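S.K.: I'd like to ask you about the structure that follows.
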Amino acid sequence: MRPIDIARKLKLSTSALRNYEAQGLVPPVERSESGYRKYTEEHVAYFTCIQAMSPGFGMEVTAQVVRLIQDRQLQAAMWRVNEVQAHLQRDKQLAERNVAMLEDSRAGKEAGSSEWMTIGEVATMTSLPSSTIRHWEKVGLITTSRDEKNGYRLFNRSQIRKIMLLRTLRPAVYSLSVVELKDAIANMNEEDVREARNIALETLRYLDQMNLVQTRGVFYFYQLCKVVQLVEE
């Protein structure tokens with residue numbers, strides 16, 4: 001099959017196909033006597049899988065999976081896919097807790113610790129490395145207060161809400177939707193619980209969509225496994 005035919009079918013450029021080939025994401029390609037690439041249906045299945053999986057799993061994971069398939073390590077590939085899906089489920093649970101927390105805030109029932117928390121306390125509460133919180137401050141996604149006596153970072157409930165919202169999106173695959181959500185979190189009024197709740201609900205909708213995108217990727221992953229005869233018809 002000609003590269004141009006595959007490129008048109010998948011709405012990719014022929015340079016993208018060559019790039020995938022150069023990275024070893026598809027099996028070696030034979031050449032005709034005149035030097036043209038001779039792609040097979042197996043190559044088409046690999047290209048289709050890459051295109052379908054990368055939006056939901058990211059290019060790094062997708063590359064790992066297709067290389068494992070080439071090595072015929074089916075179980076390793078399947079568990080890598082499952083790991084990412086498990087992370088999405090965890091993120092959904094975090095997003096739901098955010099919504100519940102914000103509902104409690106609106107009702108005046110917000111449970112919490114002291115008025116101010118240190119970065120170590122916030123890191124423990126959110127299961128985030130302190131370095132991640134400092135990075136978010138550095139790039140302007142969150143603001144912090146400082147202890148007048150020792151200059152240590154301090155966080156109030158409003159600032160922690162932002163961190164909790166960002167925490168949900170931390171492992172998300174880069175996309176315009178993720179950028180827009182992070183911008184919305186960075187620019188929201190820290191004291192506006194209604195706005196924070198709306199962003200939390202929008203994050204849930206994003207995760208619902210990502211679940212669908214990943215499901216599509218898994219379908220083409222399975223199709224590839226059938227083509228290369230790692231699973232039965």
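Quick note on naming: the chains in the structure tokens go A, B, ... in the order shown, residues restart at 1 in each chain, and ligands are numbered from 1 in order of appearance.
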Neighbours of A:Pro129 within 12 Å (only C-alpha atoms; same-chain residues fewer than 4 positions away dropped), as a ChimeraX atom specification?
M.R.: /A:119-125,133-136,163,167,170
S.K.: Identify, with DSSP run on backbone atoms, the residues in stretch 62-139 of chain A assigned to helix (DSSP H, G or I), and express the list as number ranges by chain.
M.R.: A: 62-70, 74-106, 119-126, 130-138
S.K.: Got a sec: who's within 12 Å of A:Arg80, counting only C-alpha atoms, leaving out chain neighbours fewer than 2 positions off, as a list in words?
M.R.: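 Residues near the query, excluding close chain neighbours: Phe57, Glu60, Val61, Thr62, Ala63, Gln64, Val65, Val66, Arg67, Leu68, Ile69, Gln73, Leu74, Gln75, Ala76, Ala77, Met78, Asn82, Glu83, Val84, Gln85, Ala86, His87, Val218 and Phe221 of chain A.
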S.K.: Grab the residues selected above and save them as a PDB file, in the first residue's frame with N, CA and C atoms.
M.R.:
```
ATOM      1  N   PHE A  57      -4.217   8.441  25.527  1.00  0.00           N
ATOM      2  CA  PHE A  57      -3.167   7.834  26.344  1.00  0.00           C
ATOM      3  C   PHE A  57      -1.846   8.602  26.287  1.00  0.00           C
ATOM      4  N   GLU A  60       3.727   9.032  24.623  1.00  0.00           N
ATOM      5  CA  GLU A  60       4.724   8.221  25.320  1.00  0.00           C
ATOM      6  C   GLU A  60       4.178   6.824  25.620  1.00  0.00           C
ATOM      7  N   VAL A  61       2.982   6.760  26.188  1.00  0.00           N
ATOM      8  CA  VAL A  61       2.373   5.467  26.504  1.00  0.00           C
ATOM      9  C   VAL A  61       2.055   4.701  25.228  1.00  0.00           C
ATOM     10  N   THR A  62       1.518   5.402  24.231  1.00  0.00           N
ATOM     11  CA  THR A  62       1.193   4.751  22.964  1.00  0.00           C
ATOM     12  C   THR A  62       2.427   4.110  22.351  1.00  0.00           C
ATOM     13  N   ALA A  63       3.546   4.821  22.380  1.00  0.00           N
ATOM     14  CA  ALA A  63       4.788   4.272  21.834  1.00  0.00           C
ATOM     15  C   ALA A  63       5.217   3.028  22.598  1.00  0.00           C
ATOM     16  N   GLN A  64       5.096   3.076  23.925  1.00  0.00           N
ATOM     17  CA  GLN A  64       5.448   1.906  24.728  1.00  0.00           C
ATOM     18  C   GLN A  64       4.586   0.707  24.340  1.00  0.00           C
ATOM     19  N   VAL A  65       3.294   0.943  24.156  1.00  0.00           N
ATOM     20  CA  VAL A  65       2.361  -0.139  23.874  1.00  0.00           C
ATOM     21  C   VAL A  65       2.647  -0.783  22.513  1.00  0.00           C
ATOM     22  N   VAL A  66       2.831   0.031  21.476  1.00  0.00           N
ATOM     23  CA  VAL A  66       3.038  -0.565  20.150  1.00  0.00           C
ATOM     24  C   VAL A  66       4.396  -1.264  20.060  1.00  0.00           C
ATOM     25  N   ARG A  67       5.371  -0.794  20.806  1.00  0.00           N
ATOM     26  CA  ARG A  67       6.657  -1.503  20.832  1.00  0.00           C
ATOM     27  C   ARG A  67       6.525  -2.852  21.539  1.00  0.00           C
ATOM     28  N   LEU A  68       5.720  -2.879  22.604  1.00  0.00           N
ATOM     29  CA  LEU A  68       5.470  -4.143  23.289  1.00  0.00           C
ATOM     30  C   LEU A  68       4.736  -5.123  22.373  1.00  0.00           C
ATOM     31  N   ILE A  69       3.832  -4.613  21.569  1.00  0.00           N
ATOM     32  CA  ILE A  69       3.125  -5.475  20.614  1.00  0.00           C
ATOM     33  C   ILE A  69       4.100  -6.046  19.597  1.00  0.00           C
ATOM     34  N   GLN A  73       4.657  -8.924  23.461  1.00  0.00           N
ATOM     35  CA  GLN A  73       4.419  -8.942  24.907  1.00  0.00           C
ATOM     36  C   GLN A  73       3.006  -8.416  25.176  1.00  0.00           C
ATOM     37  N   LEU A  74       2.035  -9.244  24.861  1.00  0.00           N
ATOM     38  CA  LEU A  74       0.638  -8.823  24.932  1.00  0.00           C
ATOM     39  C   LEU A  74       0.230  -8.410  26.343  1.00  0.00           C
ATOM     40  N   GLN A  75       0.537  -9.235  27.334  1.00  0.00           N
ATOM     41  CA  GLN A  75       0.095  -8.935  28.691  1.00  0.00           C
ATOM     42  C   GLN A  75       0.707  -7.631  29.203  1.00  0.00           C
ATOM     43  N   ALA A  76       1.970  -7.412  28.908  1.00  0.00           N
ATOM     44  CA  ALA A  76       2.619  -6.165  29.343  1.00  0.00           C
ATOM     45  C   ALA A  76       1.938  -4.959  28.706  1.00  0.00           C
ATOM     46  N   ALA A  77       1.598  -5.088  27.424  1.00  0.00           N
ATOM     47  CA  ALA A  77       0.922  -3.996  26.726  1.00  0.00           C
ATOM     48  C   ALA A  77      -0.460  -3.745  27.314  1.00  0.00           C
ATOM     49  N   MET A  78      -1.182  -4.818  27.584  1.00  0.00           N
ATOM     50  CA  MET A  78      -2.537  -4.677  28.128  1.00  0.00           C
ATOM     51  C   MET A  78      -2.523  -4.038  29.512  1.00  0.00           C
ATOM     52  N   ASN A  82      -4.199  -0.609  30.897  1.00  0.00           N
ATOM     53  CA  ASN A  82      -5.067  -0.646  32.068  1.00  0.00           C
ATOM     54  C   ASN A  82      -4.614   0.334  33.135  1.00  0.00           C
ATOM     55  N   GLU A  83      -3.302   0.494  33.285  1.00  0.00           N
ATOM     56  CA  GLU A  83      -2.767   1.420  34.279  1.00  0.00           C
ATOM     57  C   GLU A  83      -3.239   2.849  34.026  1.00  0.00           C
ATOM     58  N   VAL A  84      -3.198   3.252  32.756  1.00  0.00           N
ATOM     59  CA  VAL A  84      -3.632   4.608  32.419  1.00  0.00           C
ATOM     60  C   VAL A  84      -5.132   4.770  32.667  1.00  0.00           C
ATOM     61  N   GLN A  85      -5.900   3.733  32.338  1.00  0.00           N
ATOM     62  CA  GLN A  85      -7.339   3.809  32.579  1.00  0.00           C
ATOM     63  C   GLN A  85      -7.644   3.869  34.078  1.00  0.00           C
ATOM     64  N   ALA A  86      -6.860   3.165  34.872  1.00  0.00           N
ATOM     65  CA  ALA A  86      -7.035   3.227  36.326  1.00  0.00           C
ATOM     66  C   ALA A  86      -6.764   4.631  36.851  1.00  0.00           C
ATOM     67  N   HIS A  87      -5.777   5.306  36.273  1.00  0.00           N
ATOM     68  CA  HIS A  87      -5.491   6.685  36.664  1.00  0.00           C
ATOM     69  C   HIS A  87      -6.668   7.591  36.340  1.00  0.00           C
ATOM     70  N   VAL A 218      -8.650   1.904  22.890  1.00  0.00           N
ATOM     71  CA  VAL A 218      -8.561   0.490  23.270  1.00  0.00           C
ATOM     72  C   VAL A 218      -9.138  -0.394  22.166  1.00  0.00           C
ATOM     73  N   PHE A 221      -6.519  -0.691  19.579  1.00  0.00           N
ATOM     74  CA  PHE A 221      -5.448  -1.502  20.153  1.00  0.00           C
ATOM     75  C   PHE A 221      -5.796  -2.992  20.009  1.00  0.00           C
TER      76      PHE A 221
END
```
S.K.: For atom CA of A:Phe219 and atom CA of A:Lys9, determine how far apart the two atoms are, in Å to one decimal place.
M.R.: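 Result for atom CA of A:Phe219 versus atom CA of A:Lys9: 17.9 Å, one decimal.
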S.K.: Would you give me, as JSON, numbers by chain, the residues in stretch 7-233 of chain A that DSSP reads as strand (DSSP E or B)?
M.R.: {"A": [30, 31, 37, 38, 117, 118, 145, 146, 153, 154, 155]}
S.K.: Go ahead and dump the residues you just picked, N, CA and C atoms, as a short mmCIF file (atom, residue, chain, number, x, y, z; two decimals), in the first residue's frame.
M.R.:
```cif
data_model
loop_
_atom_site.label_atom_id
_atom_site.label_comp_id
_atom_site.auth_asym_id
_atom_site.auth_seq_id
_atom_site.Cartn_x
_atom_site.Cartn_y
_atom_site.Cartn_z
N GLU A 30 9.49 -2.91 4.01
CA GLU A 30 10.24 -3.32 2.82
C GLU A 30 10.18 -2.23 1.76
N ARG A 31 11.14 -2.29 0.83
CA ARG A 31 11.20 -1.31 -0.27
C ARG A 31 11.07 -2.03 -1.60
N ARG A 37 8.49 2.73 -0.36
CA ARG A 37 8.05 1.92 0.77
C ARG A 37 6.86 1.05 0.38
N LYS A 38 6.83 -0.17 0.94
CA LYS A 38 5.74 -1.09 0.67
C LYS A 38 5.05 -1.43 1.99
N MET A 117 -2.32 26.50 56.08
CA MET A 117 -1.56 25.26 56.05
C MET A 117 -0.22 25.52 55.39
N THR A 118 0.79 24.78 55.80
CA THR A 118 2.11 24.89 55.19
C THR A 118 2.13 24.07 53.90
N SER A 145 0.61 32.71 50.07
CA SER A 145 0.89 33.75 51.06
C SER A 145 2.18 33.37 51.77
N ARG A 146 2.73 34.31 52.52
CA ARG A 146 3.99 34.04 53.22
C ARG A 146 3.86 34.37 54.70
N ARG A 153 5.89 29.48 52.86
CA ARG A 153 4.62 29.53 52.14
C ARG A 153 3.48 29.07 53.04
N LEU A 154 2.36 29.78 52.93
CA LEU A 154 1.15 29.41 53.64
C LEU A 154 -0.02 29.40 52.66
N PHE A 155 -0.96 28.50 52.88
CA PHE A 155 -2.09 28.35 51.98
C PHE A 155 -3.39 28.39 52.78
#
```
S.K.: Please provide the set of residues having any atom within 8 Å of stretch 11-28 of chain A, restricted to only C-alpha atoms, with same-chain residues fewer than 4 positions apart removed, written as a list in words.
M.R.: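 Near stretch 11-28 of chain A, the qualifying residues are Pro3, Ile4, Ile6, Ala7, His43, Tyr46, Phe47, Ala63, Val66, Arg67 and Gln70 of chain A.
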S.K.: A:Val29, A:Met53, A:Leu207, A:Val99: which is nearest A:Pro171, counting only C-alpha atoms?
M.R.: A:Leu207
S.K.: Name all residues at most 12 Å from A:Leu94 (count only C-alpha atoms; drop same-chain ones fewer than 4 positions away) and give them as a ChimeraX atom specification.
M.R.: /A:87-90,98-101,126-127,163-170,200-201,203-204,207
S.K.: Take the residues just selected and output them with N, CA, C and O atoms as a PDB file, in the first residue's frame.
M.R.:
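Contents of result-v2.pdb, freshly written:
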```
ATOM      1  N   HIS A  87      -5.777   5.306  36.273  1.00  0.00           N
ATOM      2  CA  HIS A  87      -5.491   6.685  36.664  1.00  0.00           C
ATOM      3  C   HIS A  87      -6.668   7.591  36.340  1.00  0.00           C
ATOM      4  O   HIS A  87      -6.987   8.509  37.114  1.00  0.00           O
ATOM      5  N   LEU A  88      -7.306   7.355  35.197  1.00  0.00           N
ATOM      6  CA  LEU A  88      -8.465   8.169  34.824  1.00  0.00           C
ATOM      7  C   LEU A  88      -9.603   7.973  35.825  1.00  0.00           C
ATOM      8  O   LEU A  88     -10.276   8.940  36.204  1.00  0.00           O
ATOM      9  N   GLN A  89      -9.807   6.737  36.251  1.00  0.00           N
ATOM     10  CA  GLN A  89     -10.832   6.464  37.262  1.00  0.00           C
ATOM     11  C   GLN A  89     -10.510   7.183  38.569  1.00  0.00           C
ATOM     12  O   GLN A  89     -11.392   7.776  39.202  1.00  0.00           O
ATOM     13  N   ARG A  90      -9.243   7.178  38.964  1.00  0.00           N
ATOM     14  CA  ARG A  90      -8.833   7.883  40.175  1.00  0.00           C
ATOM     15  C   ARG A  90      -9.078   9.383  40.029  1.00  0.00           C
ATOM     16  O   ARG A  90      -9.571  10.043  40.958  1.00  0.00           O
ATOM     17  N   ASN A  98     -13.955  16.972  44.672  1.00  0.00           N
ATOM     18  CA  ASN A  98     -13.868  18.427  44.556  1.00  0.00           C
ATOM     19  C   ASN A  98     -15.253  19.054  44.505  1.00  0.00           C
ATOM     20  O   ASN A  98     -15.523  20.066  45.156  1.00  0.00           O
ATOM     21  N   VAL A  99     -16.130  18.470  43.682  1.00  0.00           N
ATOM     22  CA  VAL A  99     -17.492  18.997  43.571  1.00  0.00           C
ATOM     23  C   VAL A  99     -18.191  18.935  44.922  1.00  0.00           C
ATOM     24  O   VAL A  99     -18.839  19.901  45.351  1.00  0.00           O
ATOM     25  N   ALA A 100     -18.055  17.793  45.618  1.00  0.00           N
ATOM     26  CA  ALA A 100     -18.686  17.641  46.937  1.00  0.00           C
ATOM     27  C   ALA A 100     -18.128  18.652  47.929  1.00  0.00           C
ATOM     28  O   ALA A 100     -18.873  19.259  48.718  1.00  0.00           O
ATOM     29  N   MET A 101     -16.807  18.866  47.888  1.00  0.00           N
ATOM     30  CA  MET A 101     -16.167  19.832  48.781  1.00  0.00           C
ATOM     31  C   MET A 101     -16.707  21.237  48.531  1.00  0.00           C
ATOM     32  O   MET A 101     -16.996  21.987  49.471  1.00  0.00           O
ATOM     33  N   THR A 126      -2.960  16.494  49.660  1.00  0.00           N
ATOM     34  CA  THR A 126      -3.306  16.309  48.246  1.00  0.00           C
ATOM     35  C   THR A 126      -2.525  15.189  47.571  1.00  0.00           C
ATOM     36  O   THR A 126      -2.762  14.901  46.392  1.00  0.00           O
ATOM     37  N   SER A 127      -1.581  14.574  48.294  1.00  0.00           N
ATOM     38  CA  SER A 127      -0.707  13.531  47.725  1.00  0.00           C
ATOM     39  C   SER A 127       0.096  14.063  46.538  1.00  0.00           C
ATOM     40  O   SER A 127       0.341  13.354  45.556  1.00  0.00           O
ATOM     41  N   ILE A 163      -5.479  24.215  44.118  1.00  0.00           N
ATOM     42  CA  ILE A 163      -4.545  23.092  44.046  1.00  0.00           C
ATOM     43  C   ILE A 163      -5.301  21.782  43.827  1.00  0.00           C
ATOM     44  O   ILE A 163      -4.884  20.930  43.033  1.00  0.00           O
ATOM     45  N   MET A 164      -6.436  21.619  44.499  1.00  0.00           N
ATOM     46  CA  MET A 164      -7.233  20.404  44.339  1.00  0.00           C
ATOM     47  C   MET A 164      -7.780  20.285  42.914  1.00  0.00           C
ATOM     48  O   MET A 164      -7.831  19.193  42.339  1.00  0.00           O
ATOM     49  N   LEU A 165      -8.180  21.402  42.335  1.00  0.00           N
ATOM     50  CA  LEU A 165      -8.671  21.385  40.956  1.00  0.00           C
ATOM     51  C   LEU A 165      -7.547  21.031  39.984  1.00  0.00           C
ATOM     52  O   LEU A 165      -7.730  20.230  39.064  1.00  0.00           O
ATOM     53  N   LEU A 166      -6.387  21.622  40.194  1.00  0.00           N
ATOM     54  CA  LEU A 166      -5.237  21.317  39.341  1.00  0.00           C
ATOM     55  C   LEU A 166      -4.777  19.884  39.518  1.00  0.00           C
ATOM     56  O   LEU A 166      -4.316  19.244  38.569  1.00  0.00           O
ATOM     57  N   ARG A 167      -4.906  19.372  40.736  1.00  0.00           N
ATOM     58  CA  ARG A 167      -4.492  17.995  41.029  1.00  0.00           C
ATOM     59  C   ARG A 167      -5.219  17.005  40.119  1.00  0.00           C
ATOM     60  O   ARG A 167      -4.642  16.018  39.653  1.00  0.00           O
ATOM     61  N   THR A 168      -6.492  17.267  39.846  1.00  0.00           N
ATOM     62  CA  THR A 168      -7.283  16.379  38.998  1.00  0.00           C
ATOM     63  C   THR A 168      -6.731  16.313  37.586  1.00  0.00           C
ATOM     64  O   THR A 168      -6.789  15.267  36.932  1.00  0.00           O
ATOM     65  N   LEU A 169      -6.165  17.418  37.105  1.00  0.00           N
ATOM     66  CA  LEU A 169      -5.702  17.497  35.719  1.00  0.00           C
ATOM     67  C   LEU A 169      -4.225  17.185  35.564  1.00  0.00           C
ATOM     68  O   LEU A 169      -3.715  17.159  34.448  1.00  0.00           O
ATOM     69  N   ARG A 170      -3.543  16.932  36.670  1.00  0.00           N
ATOM     70  CA  ARG A 170      -2.080  16.779  36.607  1.00  0.00           C
ATOM     71  C   ARG A 170      -1.623  15.716  35.610  1.00  0.00           C
ATOM     72  O   ARG A 170      -0.699  15.958  34.830  1.00  0.00           O
ATOM     73  N   ALA A 200     -15.010  22.719  38.449  1.00  0.00           N
ATOM     74  CA  ALA A 200     -14.942  21.314  38.865  1.00  0.00           C
ATOM     75  C   ALA A 200     -15.892  20.458  38.036  1.00  0.00           C
ATOM     76  O   ALA A 200     -15.551  19.343  37.621  1.00  0.00           O
ATOM     77  N   LEU A 201     -17.086  20.966  37.769  1.00  0.00           N
ATOM     78  CA  LEU A 201     -18.044  20.234  36.936  1.00  0.00           C
ATOM     79  C   LEU A 201     -17.548  20.122  35.499  1.00  0.00           C
ATOM     80  O   LEU A 201     -17.723  19.088  34.849  1.00  0.00           O
ATOM     81  N   THR A 203     -14.446  20.002  34.643  1.00  0.00           N
ATOM     82  CA  THR A 203     -13.392  18.991  34.695  1.00  0.00           C
ATOM     83  C   THR A 203     -13.984  17.588  34.640  1.00  0.00           C
ATOM     84  O   THR A 203     -13.459  16.709  33.948  1.00  0.00           O
ATOM     85  N   LEU A 204     -15.092  17.376  35.337  1.00  0.00           N
ATOM     86  CA  LEU A 204     -15.769  16.081  35.280  1.00  0.00           C
ATOM     87  C   LEU A 204     -16.226  15.760  33.866  1.00  0.00           C
ATOM     88  O   LEU A 204     -16.104  14.619  33.391  1.00  0.00           O
ATOM     89  N   LEU A 207     -13.292  14.659  31.846  1.00  0.00           N
ATOM     90  CA  LEU A 207     -12.896  13.283  32.156  1.00  0.00           C
ATOM     91  C   LEU A 207     -13.860  12.280  31.526  1.00  0.00           C
ATOM     92  O   LEU A 207     -13.439  11.210  31.076  1.00  0.00           O
TER      93      LEU A 207
END
```
S.K.: Expressed in Å to a single decimal, how great is the separation between atom CA of A:Gln51 and atom CA of A:Val173?
M.R.: 14.1 Å
S.K.: Closest to A:Tyr220 among A:Glu180, A:Val44, A:Ser32, A:Ile142, using only C-alpha atoms?
M.R.: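 Among A:Glu180, A:Val44, A:Ser32, A:Ile142, it is A:Val44 that comes nearest to A:Tyr220.
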S.K.: Hey, which of A:Arg194, A:Glu233, A:Trp116, A:Cys225 ends up closest to A:Asp147? Count only C-alpha atoms.
M.R.: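 Closest to A:Asp147, using only C-alpha atoms: A:Trp116.
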S.K.: Residues at most 12 Å from A:Met188, counting only C-alpha atoms, excluding those fewer than 5 positions away in the same chain, as a PyMOL selection string?
M.R.: chain A and resi 141-143+158-159+161-162+165+180-183+193-200
S.K.: Suppose you want the space between atom CA of A:Met1 and atom CA of A:Glu41; what is it in Å?
M.R.: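 We find that atom CA of A:Met1 and atom CA of A:Glu41 lie 7.8 Å from each other.
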S.K.: Considering only C-alpha atoms, can you say which of A:Ala172, A:Gln214, A:Ile185, A:Val179 comes closest to A:Asp91?
M.R.: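 Smallest separation from A:Asp91 among the options: A:Ala172.
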S.K.: Ranking A:Arg157, A:Asp5, A:Ser131, A:Tyr174 by minimum distance to A:Met59 and counting only C-alpha atoms, which one comes first?
M.R.: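 Going through A:Arg157, A:Asp5, A:Ser131, A:Tyr174 one by one, the smallest distance to A:Met59 is for A:Tyr174.
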